[in-house]
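Taking it in order: structure first as C-alpha cells, then the write-up.
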Amino acid sequence: MEGRNFIKSGIPGLDKVLGGGFLEKSIVTIGGPTGAGKSTFAMQFLYNGGTEYDEPGLYISIEDSKDAMMFHMSGYNWEIRKAEKEQKIVFLDYPVYEVDQFLQQHGAIQEIINTVGVKRVVVDSIMPIALFFSSEDERKKGFLKLMENVRKWKTTTLIVSEDTTASALDAIPNTTYGIESFTDGWINISYQYDPKKRERIRMLEVIKMKGVYHSMKSYPVAVGNDGFKVLVKK
C-alpha cells in the first residue's frame with residue numbers, strides 16, 4: 001500500500017476540518033466569490049509552508065502581477081519579500097496574453113521546482129486558462145492535460161477559482177469553469193448574511209477531498225493580521 005502523508009495547511013483550524021491536513025501531492029481547488037479571500041488563503045498556505053514547515057512554495061500568478069500581489073498582501077504580518085529572498089517562496093508571473101506559454105512550459109516550471117526544492121504550488125487563477133480555450137470540449141481536454149502536467153511536479157497544489165453562487169443555502173455551489181471536477185479536493189469559501197449583526201460572515205466548507213475522511217460541516221472564518229483562521233470548536 002502506497003504511503004499517505006499529510007502536510008500542514010498553514011491555516012489555523014483547517015487541519016482539524018481536513019482530518020489531518022492536505023494529502024501530500026494532491027491538487028485542491030480553492031473556490032469562492034470575488035473578495036472571499038481565496039488569494040489570501042493561498043498565500044498563507046505558501047508563506048507558512050515555507051517559513052514554518054521548511055516546504056518552499058511557488059506562486060504562479062496568471063491574473064495579478066507579483067507587485068500587485070505584494071501590495072494586496074502588505075496588510076498582513078507576513079514578510080513575503082524576505083521569504084522570497086530566502087527562496088522560501090518563488091513567484092512566476094504569466095500575464096493573460098501569455099497563458100499559452102504557461103500551458104506549454106511545464107518542463108521549465110519543473111526545473112524551478114527541482115532547483116528550489118518546491119513542495120507547495122499555487123495557481124491563481126484558473127479563469128484566464130479556462131478562457132484560453134474556444135469551446136467547452138477543448139477546455140475539458142485542456143484541464144485534463146493541465147492536471148496531468150501538474151501531477152508530474154509531485155507538489156501539493158492549490159488552484160484558485162471563482163464560483164457561481166448557489167441558488168439556495170442547501171445547494172452545492174459550482175466553480176465558474178468546473179475545475180473542481182478535475183482536482184482531488186475542493187474547499188469553498190462563501191458568504192452568509194447575518195441579519196442580526198447586519199453583516200456578511202465568511203464560511204468555509206470542505207466539499208470534496210478524495211481518499212480523506214473530513215468534516216462535512218461549514219465553519220465560520222475570521223480574517224485578521226495573520227490571515228485566515230477557521231473557527232473550530234475544541
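Residues are referred to by chain and number: the chain letter is A, B, ... according to the order shown in the C-alpha cells, the number counts from 1 in that chain, and ligands are numbered separately from 1 in the order shown.
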(Q) List as a PyMOL selection string the protein and nucleic acid residues near Asp15 of chain A, meaning an atom at most 12 Å away when only C-alpha atoms are counted, but skip any in the same chain fewer than 3 places from it. (A) chain A and resi 6-12+18-23+45+206+212-215+229-232
Atoms kept (N, CA, C and O atoms) for selection, written as a PDB file, in the first residue's frame:
ATOM      1  N   PHE A   6       0.409  13.460   5.136  1.00  0.00           N
ATOM      2  CA  PHE A   6      -0.326  14.713   5.201  1.00  0.00           C
ATOM      3  C   PHE A   6       0.639  15.862   5.493  1.00  0.00           C
ATOM      4  O   PHE A   6       1.600  15.692   6.248  1.00  0.00           O
ATOM      5  N   ILE A   7       0.383  17.010   4.890  1.00  0.00           N
ATOM      6  CA  ILE A   7       1.163  18.210   5.203  1.00  0.00           C
ATOM      7  C   ILE A   7       0.249  19.225   5.876  1.00  0.00           C
ATOM      8  O   ILE A   7      -0.962  19.239   5.636  1.00  0.00           O
ATOM      9  N   LYS A   8       0.837  20.041   6.719  1.00  0.00           N
ATOM     10  CA  LYS A   8       0.067  21.065   7.428  1.00  0.00           C
ATOM     11  C   LYS A   8      -0.380  22.152   6.452  1.00  0.00           C
ATOM     12  O   LYS A   8       0.401  22.607   5.612  1.00  0.00           O
ATOM     13  N   SER A   9      -1.617  22.572   6.589  1.00  0.00           N
ATOM     14  CA  SER A   9      -2.164  23.572   5.667  1.00  0.00           C
ATOM     15  C   SER A   9      -1.594  24.962   5.906  1.00  0.00           C
ATOM     16  O   SER A   9      -1.539  25.777   4.985  1.00  0.00           O
ATOM     17  N   GLY A  10      -1.197  25.252   7.149  1.00  0.00           N
ATOM     18  CA  GLY A  10      -0.762  26.607   7.481  1.00  0.00           C
ATOM     19  C   GLY A  10      -1.916  27.534   7.806  1.00  0.00           C
ATOM     20  O   GLY A  10      -1.716  28.720   8.048  1.00  0.00           O
ATOM     21  N   ILE A  11      -3.145  26.981   7.814  1.00  0.00           N
ATOM     22  CA  ILE A  11      -4.348  27.749   8.148  1.00  0.00           C
ATOM     23  C   ILE A  11      -4.841  27.256   9.505  1.00  0.00           C
ATOM     24  O   ILE A  11      -5.306  26.113   9.608  1.00  0.00           O
ATOM     25  N   PRO A  12      -4.759  28.057  10.567  1.00  0.00           N
ATOM     26  CA  PRO A  12      -5.203  27.600  11.878  1.00  0.00           C
ATOM     27  C   PRO A  12      -6.646  27.073  11.845  1.00  0.00           C
ATOM     28  O   PRO A  12      -7.541  27.713  11.298  1.00  0.00           O
ATOM     29  N   LEU A  18      -9.869  19.084   7.952  1.00  0.00           N
ATOM     30  CA  LEU A  18      -9.397  18.216   6.871  1.00  0.00           C
ATOM     31  C   LEU A  18      -9.085  16.792   7.332  1.00  0.00           C
ATOM     32  O   LEU A  18      -8.846  15.918   6.497  1.00  0.00           O
ATOM     33  N   GLY A  19      -9.059  16.566   8.634  1.00  0.00           N
ATOM     34  CA  GLY A  19      -8.710  15.247   9.131  1.00  0.00           C
ATOM     35  C   GLY A  19      -7.219  15.025   9.207  1.00  0.00           C
ATOM     36  O   GLY A  19      -6.758  13.885   9.143  1.00  0.00           O
ATOM     37  N   GLY A  20      -6.445  16.105   9.309  1.00  0.00           N
ATOM     38  CA  GLY A  20      -5.003  15.977   9.466  1.00  0.00           C
ATOM     39  C   GLY A  20      -4.190  16.934   8.631  1.00  0.00           C
ATOM     40  O   GLY A  20      -3.034  17.203   8.916  1.00  0.00           O
ATOM     41  N   GLY A  21      -4.764  17.471   7.577  1.00  0.00           N
ATOM     42  CA  GLY A  21      -4.043  18.375   6.679  1.00  0.00           C
ATOM     43  C   GLY A  21      -4.311  18.008   5.235  1.00  0.00           C
ATOM     44  O   GLY A  21      -5.227  17.237   4.933  1.00  0.00           O
ATOM     45  N   PHE A  22      -3.530  18.571   4.321  1.00  0.00           N
ATOM     46  CA  PHE A  22      -3.658  18.226   2.905  1.00  0.00           C
ATOM     47  C   PHE A  22      -2.884  16.943   2.620  1.00  0.00           C
ATOM     48  O   PHE A  22      -1.765  16.758   3.103  1.00  0.00           O
ATOM     49  N   LEU A  23      -3.479  16.079   1.838  1.00  0.00           N
ATOM     50  CA  LEU A  23      -2.764  14.884   1.415  1.00  0.00           C
ATOM     51  C   LEU A  23      -1.628  15.312   0.498  1.00  0.00           C
ATOM     52  O   LEU A  23      -1.827  16.050  -0.470  1.00  0.00           O
ATOM     53  N   PHE A  45      -1.037  29.574   2.777  1.00  0.00           N
ATOM     54  CA  PHE A  45      -0.623  28.180   2.584  1.00  0.00           C
ATOM     55  C   PHE A  45       0.851  28.115   2.183  1.00  0.00           C
ATOM     56  O   PHE A  45       1.619  27.309   2.719  1.00  0.00           O
ATOM     57  N   VAL A 206     -15.332  22.136   3.351  1.00  0.00           N
ATOM     58  CA  VAL A 206     -14.594  21.166   2.540  1.00  0.00           C
ATOM     59  C   VAL A 206     -15.622  20.293   1.835  1.00  0.00           C
ATOM     60  O   VAL A 206     -16.241  19.427   2.447  1.00  0.00           O
ATOM     61  N   VAL A 212      -9.887  10.964   1.831  1.00  0.00           N
ATOM     62  CA  VAL A 212      -9.664  11.543   3.158  1.00  0.00           C
ATOM     63  C   VAL A 212     -10.997  11.665   3.888  1.00  0.00           C
ATOM     64  O   VAL A 212     -11.989  12.127   3.301  1.00  0.00           O
ATOM     65  N   TYR A 213     -11.031  11.244   5.137  1.00  0.00           N
ATOM     66  CA  TYR A 213     -12.223  11.442   5.953  1.00  0.00           C
ATOM     67  C   TYR A 213     -12.169  12.852   6.523  1.00  0.00           C
ATOM     68  O   TYR A 213     -11.301  13.174   7.328  1.00  0.00           O
ATOM     69  N   HIS A 214     -13.078  13.702   6.084  1.00  0.00           N
ATOM     70  CA  HIS A 214     -13.066  15.106   6.507  1.00  0.00           C
ATOM     71  C   HIS A 214     -14.444  15.532   6.992  1.00  0.00           C
ATOM     72  O   HIS A 214     -15.452  14.886   6.696  1.00  0.00           O
ATOM     73  N   SER A 215     -14.485  16.622   7.710  1.00  0.00           N
ATOM     74  CA  SER A 215     -15.753  17.162   8.187  1.00  0.00           C
ATOM     75  C   SER A 215     -16.580  17.680   7.018  1.00  0.00           C
ATOM     76  O   SER A 215     -16.052  18.248   6.062  1.00  0.00           O
ATOM     77  N   LYS A 229      -8.254  32.139   9.766  1.00  0.00           N
ATOM     78  CA  LYS A 229      -8.376  31.238  10.899  1.00  0.00           C
ATOM     79  C   LYS A 229      -9.760  30.619  10.855  1.00  0.00           C
ATOM     80  O   LYS A 229     -10.762  31.329  10.850  1.00  0.00           O
ATOM     81  N   VAL A 230      -9.820  29.286  10.782  1.00  0.00           N
ATOM     82  CA  VAL A 230     -11.098  28.592  10.779  1.00  0.00           C
ATOM     83  C   VAL A 230     -11.519  28.389  12.220  1.00  0.00           C
ATOM     84  O   VAL A 230     -10.768  27.828  13.028  1.00  0.00           O
ATOM     85  N   LEU A 231     -12.718  28.851  12.551  1.00  0.00           N
ATOM     86  CA  LEU A 231     -13.181  28.842  13.942  1.00  0.00           C
ATOM     87  C   LEU A 231     -13.836  27.496  14.251  1.00  0.00           C
ATOM     88  O   LEU A 231     -15.034  27.316  14.096  1.00  0.00           O
ATOM     89  N   VAL A 232     -13.004  26.559  14.682  1.00  0.00           N
ATOM     90  CA  VAL A 232     -13.455  25.211  15.007  1.00  0.00           C
ATOM     91  C   VAL A 232     -13.538  25.092  16.534  1.00  0.00           C
ATOM     92  O   VAL A 232     -12.584  25.415  17.237  1.00  0.00           O
TER      93      VAL A 232
END
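For Asp194 of chain A, the set of protein, DNA and RNA residues having any atom at most 12 Å away, when counting only C-alpha atoms and skipping those fewer than 6 positions along the same chain, is Arg200, Ile201, Arg202, Met203 and Pro220 of chain A.
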Would you output that residue set with all heavy atoms, as a PDB file, in the first residue's frame?
ATOM      1  N   ARG A 200     -21.956  40.392   6.612  1.00  0.00           N
ATOM      2  CA  ARG A 200     -21.678  39.118   5.959  1.00  0.00           C
ATOM      3  C   ARG A 200     -20.551  38.407   6.703  1.00  0.00           C
ATOM      4  O   ARG A 200     -19.566  39.024   7.094  1.00  0.00           O
ATOM      5  CB  ARG A 200     -21.294  39.331   4.497  1.00  0.00           C
ATOM      6  CG  ARG A 200     -22.431  39.904   3.669  1.00  0.00           C
ATOM      7  CD  ARG A 200     -22.112  39.899   2.183  1.00  0.00           C
ATOM      8  NE  ARG A 200     -23.201  40.501   1.423  1.00  0.00           N
ATOM      9  CZ  ARG A 200     -24.295  39.852   1.039  1.00  0.00           C
ATOM     10  NH1 ARG A 200     -24.417  38.564   1.326  1.00  0.00           N
ATOM     11  NH2 ARG A 200     -25.246  40.456   0.363  1.00  0.00           N
ATOM     12  N   ILE A 201     -20.715  37.104   6.873  1.00  0.00           N
ATOM     13  CA  ILE A 201     -19.734  36.287   7.580  1.00  0.00           C
ATOM     14  C   ILE A 201     -19.132  35.289   6.601  1.00  0.00           C
ATOM     15  O   ILE A 201     -19.851  34.628   5.854  1.00  0.00           O
ATOM     16  CB  ILE A 201     -20.394  35.533   8.750  1.00  0.00           C
ATOM     17  CG1 ILE A 201     -21.011  36.517   9.743  1.00  0.00           C
ATOM     18  CG2 ILE A 201     -19.383  34.624   9.444  1.00  0.00           C
ATOM     19  CD1 ILE A 201     -21.848  35.867  10.808  1.00  0.00           C
ATOM     20  N   ARG A 202     -17.810  35.223   6.584  1.00  0.00           N
ATOM     21  CA  ARG A 202     -17.161  34.212   5.747  1.00  0.00           C
ATOM     22  C   ARG A 202     -17.360  32.827   6.346  1.00  0.00           C
ATOM     23  O   ARG A 202     -17.222  32.638   7.555  1.00  0.00           O
ATOM     24  CB  ARG A 202     -15.664  34.490   5.617  1.00  0.00           C
ATOM     25  CG  ARG A 202     -15.294  35.622   4.677  1.00  0.00           C
ATOM     26  CD  ARG A 202     -13.776  35.690   4.568  1.00  0.00           C
ATOM     27  NE  ARG A 202     -13.344  36.709   3.632  1.00  0.00           N
ATOM     28  CZ  ARG A 202     -13.091  37.980   3.962  1.00  0.00           C
ATOM     29  NH1 ARG A 202     -13.274  38.359   5.218  1.00  0.00           N
ATOM     30  NH2 ARG A 202     -12.690  38.843   3.058  1.00  0.00           N
ATOM     31  N   MET A 203     -17.647  31.852   5.474  1.00  0.00           N
ATOM     32  CA  MET A 203     -17.787  30.468   5.888  1.00  0.00           C
ATOM     33  C   MET A 203     -16.903  29.595   5.006  1.00  0.00           C
ATOM     34  O   MET A 203     -16.701  29.886   3.822  1.00  0.00           O
ATOM     35  CB  MET A 203     -19.249  30.006   5.765  1.00  0.00           C
ATOM     36  CG  MET A 203     -20.249  30.831   6.554  1.00  0.00           C
ATOM     37  SD  MET A 203     -20.055  30.663   8.357  1.00  0.00           S
ATOM     38  CE  MET A 203     -20.560  28.955   8.592  1.00  0.00           C
ATOM     39  N   PRO A 220     -17.340  29.030  10.383  1.00  0.00           N
ATOM     40  CA  PRO A 220     -17.051  30.456  10.218  1.00  0.00           C
ATOM     41  C   PRO A 220     -15.548  30.691  10.153  1.00  0.00           C
ATOM     42  O   PRO A 220     -14.760  29.934  10.729  1.00  0.00           O
ATOM     43  CB  PRO A 220     -17.655  31.098  11.474  1.00  0.00           C
ATOM     44  CG  PRO A 220     -17.732  29.987  12.472  1.00  0.00           C
ATOM     45  CD  PRO A 220     -17.945  28.727  11.690  1.00  0.00           C
TER      46      PRO A 220
END
Q.
as a PyMOL selection string, please: the residues near segment 46-48 of chain A (cut-off 10 Å, only C-alpha atoms, same-chain neighbours under 2 positions excluded).
A. chain A and resi 8-11+40-44+50-59+78-80+83-84+88-90+119-122+157-158
Okay, now the selection with C-alpha atoms, as a compact mmCIF listing (two decimals), in the first residue's frame?
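Saved to part02.txt:
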# COMPACT_ATOMS: atom_id res chain seq x y z
CA LYS A 8 0.07 21.06 7.43
CA SER A 9 -2.16 23.57 5.67
CA GLY A 10 -0.76 26.61 7.48
CA ILE A 11 -4.35 27.75 8.15
CA THR A 40 -5.02 35.34 0.83
CA PHE A 41 -5.78 31.72 1.73
CA ALA A 42 -3.42 30.50 -1.00
CA MET A 43 -0.61 32.86 0.01
CA GLN A 44 -0.93 31.83 3.66
CA GLY A 50 7.96 27.96 3.66
CA THR A 51 8.62 29.78 6.91
CA GLU A 52 7.22 27.31 9.46
CA TYR A 53 7.48 23.89 7.85
CA ASP A 54 10.53 24.28 5.58
CA GLU A 55 8.46 23.48 2.50
CA PRO A 56 9.31 26.07 -0.20
CA GLY A 57 6.41 27.30 -2.33
CA LEU A 58 5.84 28.51 -5.89
CA TYR A 59 3.17 31.13 -6.59
CA TRP A 78 3.95 38.34 6.58
CA GLU A 79 7.49 39.16 5.46
CA ILE A 80 6.92 37.94 1.93
CA ALA A 83 10.73 34.83 2.25
CA GLU A 84 11.31 35.41 -1.46
CA LYS A 88 11.02 30.07 0.68
CA ILE A 89 8.58 31.46 -1.90
CA VAL A 90 9.22 31.82 -5.62
CA LYS A 119 6.87 21.33 -2.18
CA ARG A 120 3.82 23.61 -2.49
CA VAL A 121 2.38 25.35 -5.56
CA VAL A 122 -0.45 27.84 -6.07
CA THR A 157 -1.03 22.28 -5.37
CA LEU A 158 -3.89 24.74 -4.84
Q: From segment 63-226 of chain A, collect each residue whose DSSP state is strand (DSSP E or B) and return the set as a ChimeraX atom specification.
A: /A:89-93,120-124,156-164,174-175,185-194,199-209,218-224
Q. With only C-alpha atoms as the basis for distance, which of A:Glu98, A:Glu86, A:Asp163, A:Asp226 is at the shortest distance from Thr29 of chain A?
A.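 Of A:Glu98, A:Glu86, A:Asp163, A:Asp226, the one nearest Thr29 of chain A, counting only C-alpha atoms, is A:Asp163.
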Q.
Considering only alpha helix (DSSP H) as DSSP defines it on the backbone, what residues of segment 5-181 of chain A qualify? List them as a PyMOL selection string.
A. chain A and resi 14-18+38-52+66-73+80-85+99-104+106-116+127-132+136-153
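Put simply, atom CA of Arg151 of chain A is 25.8 Å away from atom CA of Leu204 of chain A.
Atom pair atom CA of Met69 of chain A / atom CA of Ser181 of chain A: separated by 27.5 Å.
Reported to one decimal place, the separation of atom CA of Lys66 of chain A from atom CA of Gly142 of chain A is 25.3 Å.
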Q.
Env of Gln110 of chain A: 8 Å cut, atoms = only C-alpha atoms, seq-sep filter 4 positions within chain, self excluded. Answer as a ChimeraX atom specification.
A. /A:106,114,153
Q) For Glu180 of chain A, which of A:Ile27, A:Pro33, A:Val118, A:Val17 is the closest residue, counting only C-alpha atoms? A)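 The closest residue to Glu180 of chain A is A:Ile27.
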